[in-house]
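Everything below concerns the one structure shown next.
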Amino acid sequence: MRDDYRHEIKHRIDRMDMFTIRSRLSAIATSDPHTINGKYRIRSLYFDNFEDKALREKIDGVDRREKFRIRYYNDDLDFIRLEKKSKLNGLGTKDNAALNREQAQAIVDGDVEWMLDDSQPLVRELYIKMKTTGLHPKTIVDYDREPFIYDPGNVRVTIDYNIRTGLSCTDFLNQDVPTVPVKDSPIILEVKWDGFLPDIIRDMVQINVRDGAFSKYAECRMYD
């Protein structure tokens, strides 16, 4: 196993829990320096194949799985990232590569031959999987995120809300594309850490959390 896999938990919380956890984390953790007023807006374009392999593996709880997405923050089209998230026995890691807006649009449009000669291995890997497994852009997912960083244990806690889906639209760079809120307006608490989770963080996030992992991609695919 790679040595950069991290522990991850992800749960729904209610609005009162969000206020409580936010207040407590603000007292001991630092906010991500890339935030604006303590949060940022994320837009992701998720990929899947024609058999919905990534979706089905998530729903079925497959121990070893991966998913590809393209992402940017705060409507900044000068900072676009291709990402691959991998999960193995409950641990997670992420690889990424930089894209400019022309490259991102080309991928959305199916103009992908240039990817094979790209200098970044992850871009070449996506090309091969698009060609061999039918991987293609599937849906847009938008949401707001409040991130907190706690240095002991390299802990990152995020609170995600205002989750919206672009339905089957993949017009990723069009910031005027219509999106709709997902059912029940979920609020998602996610905690990531390396070798150990400090007790102070563990105590803070155990407030009426509901068992079971949550996938924003899977939730947004319910509208297909």
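Letters A, B, ... mark the chains of the structure tokens in the order given; residue numbers begin at 1 per chain; ligand numbers begin at 1, in order shown.
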Original post:
DSSP says helix (DSSP H, G or I) for which residues of segment 25-197 of chain A? Put them as a VMD selection string?
Top reply: chain A and resid 25 to 28 53 to 60 101 to 109 113 to 117 121 to 133
**OP:** Tell me which protein, DNA and RNA residues are within 10 Å of Arg22 of chain A, counting only C-alpha atoms, leaving out same-chain ones fewer than 6 positions away, and put them as a ChimeraX atom specification.
**Re:** /A:16,29,146-148,157-159,204-205
**OP:** Rank A:Leu122, A:Ile149, A:Val191, A:Ile201 by their smallest atom-to-atom distance to Asn96 of chain A, using only C-alpha atoms, and report the top residue only.
**Re:** A:Leu122
Original post:
Counting only C-alpha atoms, which of A:Ile42, A:Leu91, A:Ala98, A:Val62 gets nearest to Phe79 of chain A?
Top reply: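 For Phe79 of chain A, the nearest of the candidates is A:Ala98.
Shortest separation to Pro178 of chain A among A:Asp142, A:Asp76, A:Asp32, A:Glu125 occurs at residue A:Asp142, atoms counted being only C-alpha atoms.
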Subject >> Ile140 of chain A surroundings by only C-alpha atoms, 8 Å radius, close-in-sequence under 2 positions cut, as number ranges by chain >> reply: A: 43-46, 138, 142, 165-172
Please produce a file of the residues just selected, as a PDB file, in the first residue's frame, where the atoms kept are N, CA, C and O atoms.
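Done, and the output landed in part25.pdb:
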```
ATOM      1  N   ARG A  43     -16.779  23.391  -7.407  1.00  0.00           N
ATOM      2  CA  ARG A  43     -17.510  22.747  -8.508  1.00  0.00           C
ATOM      3  C   ARG A  43     -16.681  21.570  -8.989  1.00  0.00           C
ATOM      4  O   ARG A  43     -15.495  21.699  -9.286  1.00  0.00           O
ATOM      5  N   SER A  44     -17.300  20.403  -9.070  1.00  0.00           N
ATOM      6  CA  SER A  44     -16.648  19.187  -9.549  1.00  0.00           C
ATOM      7  C   SER A  44     -17.428  18.603 -10.716  1.00  0.00           C
ATOM      8  O   SER A  44     -18.660  18.695 -10.764  1.00  0.00           O
ATOM      9  N   LEU A  45     -16.701  18.012 -11.644  1.00  0.00           N
ATOM     10  CA  LEU A  45     -17.296  17.234 -12.724  1.00  0.00           C
ATOM     11  C   LEU A  45     -16.819  15.803 -12.551  1.00  0.00           C
ATOM     12  O   LEU A  45     -15.627  15.521 -12.672  1.00  0.00           O
ATOM     13  N   TYR A  46     -17.747  14.895 -12.253  1.00  0.00           N
ATOM     14  CA  TYR A  46     -17.399  13.502 -11.988  1.00  0.00           C
ATOM     15  C   TYR A  46     -17.492  12.662 -13.259  1.00  0.00           C
ATOM     16  O   TYR A  46     -18.318  12.929 -14.136  1.00  0.00           O
ATOM     17  N   LYS A 138     -19.829  12.777 -16.340  1.00  0.00           N
ATOM     18  CA  LYS A 138     -21.165  12.281 -16.001  1.00  0.00           C
ATOM     19  C   LYS A 138     -22.069  13.353 -15.409  1.00  0.00           C
ATOM     20  O   LYS A 138     -23.206  13.494 -15.830  1.00  0.00           O
ATOM     21  N   ASP A 142     -21.955  20.826  -7.220  1.00  0.00           N
ATOM     22  CA  ASP A 142     -21.558  22.084  -6.589  1.00  0.00           C
ATOM     23  C   ASP A 142     -21.838  22.021  -5.092  1.00  0.00           C
ATOM     24  O   ASP A 142     -22.833  21.419  -4.674  1.00  0.00           O
ATOM     25  N   THR A 165     -26.842  19.653  -7.801  1.00  0.00           N
ATOM     26  CA  THR A 165     -26.484  18.808  -8.927  1.00  0.00           C
ATOM     27  C   THR A 165     -26.801  19.492 -10.242  1.00  0.00           C
ATOM     28  O   THR A 165     -27.804  20.210 -10.349  1.00  0.00           O
ATOM     29  N   GLY A 166     -25.957  19.254 -11.215  1.00  0.00           N
ATOM     30  CA  GLY A 166     -26.211  19.728 -12.564  1.00  0.00           C
ATOM     31  C   GLY A 166     -27.011  18.736 -13.375  1.00  0.00           C
ATOM     32  O   GLY A 166     -27.073  18.851 -14.594  1.00  0.00           O
ATOM     33  N   LEU A 167     -27.623  17.750 -12.661  1.00  0.00           N
ATOM     34  CA  LEU A 167     -28.372  16.680 -13.324  1.00  0.00           C
ATOM     35  C   LEU A 167     -27.433  15.982 -14.304  1.00  0.00           C
ATOM     36  O   LEU A 167     -26.343  15.603 -13.925  1.00  0.00           O
ATOM     37  N   SER A 168     -27.814  15.816 -15.551  1.00  0.00           N
ATOM     38  CA  SER A 168     -26.942  15.129 -16.505  1.00  0.00           C
ATOM     39  C   SER A 168     -26.078  16.113 -17.287  1.00  0.00           C
ATOM     40  O   SER A 168     -25.378  15.718 -18.224  1.00  0.00           O
ATOM     41  N   CYS A 169     -26.090  17.376 -16.912  1.00  0.00           N
ATOM     42  CA  CYS A 169     -25.312  18.390 -17.611  1.00  0.00           C
ATOM     43  C   CYS A 169     -23.825  18.246 -17.275  1.00  0.00           C
ATOM     44  O   CYS A 169     -23.467  18.009 -16.121  1.00  0.00           O
ATOM     45  N   THR A 170     -22.971  18.397 -18.276  1.00  0.00           N
ATOM     46  CA  THR A 170     -21.526  18.338 -18.063  1.00  0.00           C
ATOM     47  C   THR A 170     -20.833  19.620 -18.528  1.00  0.00           C
ATOM     48  O   THR A 170     -19.617  19.629 -18.709  1.00  0.00           O
ATOM     49  N   ASP A 171     -21.587  20.693 -18.691  1.00  0.00           N
ATOM     50  CA  ASP A 171     -21.030  21.970 -19.153  1.00  0.00           C
ATOM     51  C   ASP A 171     -20.295  22.639 -17.999  1.00  0.00           C
ATOM     52  O   ASP A 171     -20.683  23.690 -17.479  1.00  0.00           O
ATOM     53  N   PHE A 172     -19.202  22.036 -17.625  1.00  0.00           N
ATOM     54  CA  PHE A 172     -18.478  22.283 -16.383  1.00  0.00           C
ATOM     55  C   PHE A 172     -18.001  23.729 -16.229  1.00  0.00           C
ATOM     56  O   PHE A 172     -18.044  24.297 -15.137  1.00  0.00           O
TER      57      PHE A 172
END
```
Original post:
What lies within 12 Å of Gly134 of chain A using only C-alpha atoms, ignoring chain neighbours under 6 positions off, as a list in words?
Top reply: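 Returned residues: Phe47, Asp48, Asn49, Phe50, Glu51, Asp52, Lys53, Ala54, Gly110, Leu126, Tyr127 and Ile128 of chain A.
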Keeping C-alpha atoms, export the residues of the selection given above as a compact mmCIF listing (two decimals), in the first residue's frame.
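Output saved as selection10.txt:
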```txt
# COMPACT_ATOMS: atom_id res chain seq x y z
CA PHE A 47 -16.60 10.71 -14.44
CA ASP A 48 -18.13 7.26 -14.77
CA ASN A 49 -18.47 4.62 -17.47
CA PHE A 50 -21.60 3.47 -19.27
CA GLU A 51 -22.24 0.80 -16.62
CA ASP A 52 -21.93 3.33 -13.77
CA LYS A 53 -19.01 1.41 -12.29
CA ALA A 54 -17.92 4.17 -9.87
CA GLY A 110 -14.53 14.56 -26.04
CA LEU A 126 -7.50 9.22 -17.58
CA TYR A 127 -7.06 9.10 -21.37
CA ILE A 128 -6.35 5.37 -21.31
```
**OP:** From a DSSP calculation on the backbone, collect every residue of segment 80-169 of chain A in strand (DSSP E) and output the set as a ChimeraX atom specification.
**Re:** /A:80-88,91-99,136-150,155-165
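Among the candidate residues A:Leu99, A:Ile200, A:Val180, A:Arg24, the one lying nearest to Ser119 of chain A is A:Leu99, with distances computed using only C-alpha atoms.
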Original post:
Between A:Ile59, A:Met130, A:Ile80, A:Leu116, which has the minimum distance to Ala97 of chain A (counting only C-alpha atoms)?
Top reply: A:Ile80
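For the atom pair formed by atom CA of Gly195 of chain A and atom CA of Arg12 of chain A, the distance is 23.9 Å, given to one decimal.
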**OP:** Write out as a PyMOL selection string each polymer residue whose atoms come within 10 Å of Arg81 of chain A, counting only C-alpha atoms; drop sequence neighbours fewer than 3 positions from it.
**Re:** chain A and resi 44+69-73+77-78+84+95-101+104
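Going from atom CA of Ser86 of chain A to atom CA of Arg15 of chain A covers 29.6 Å.
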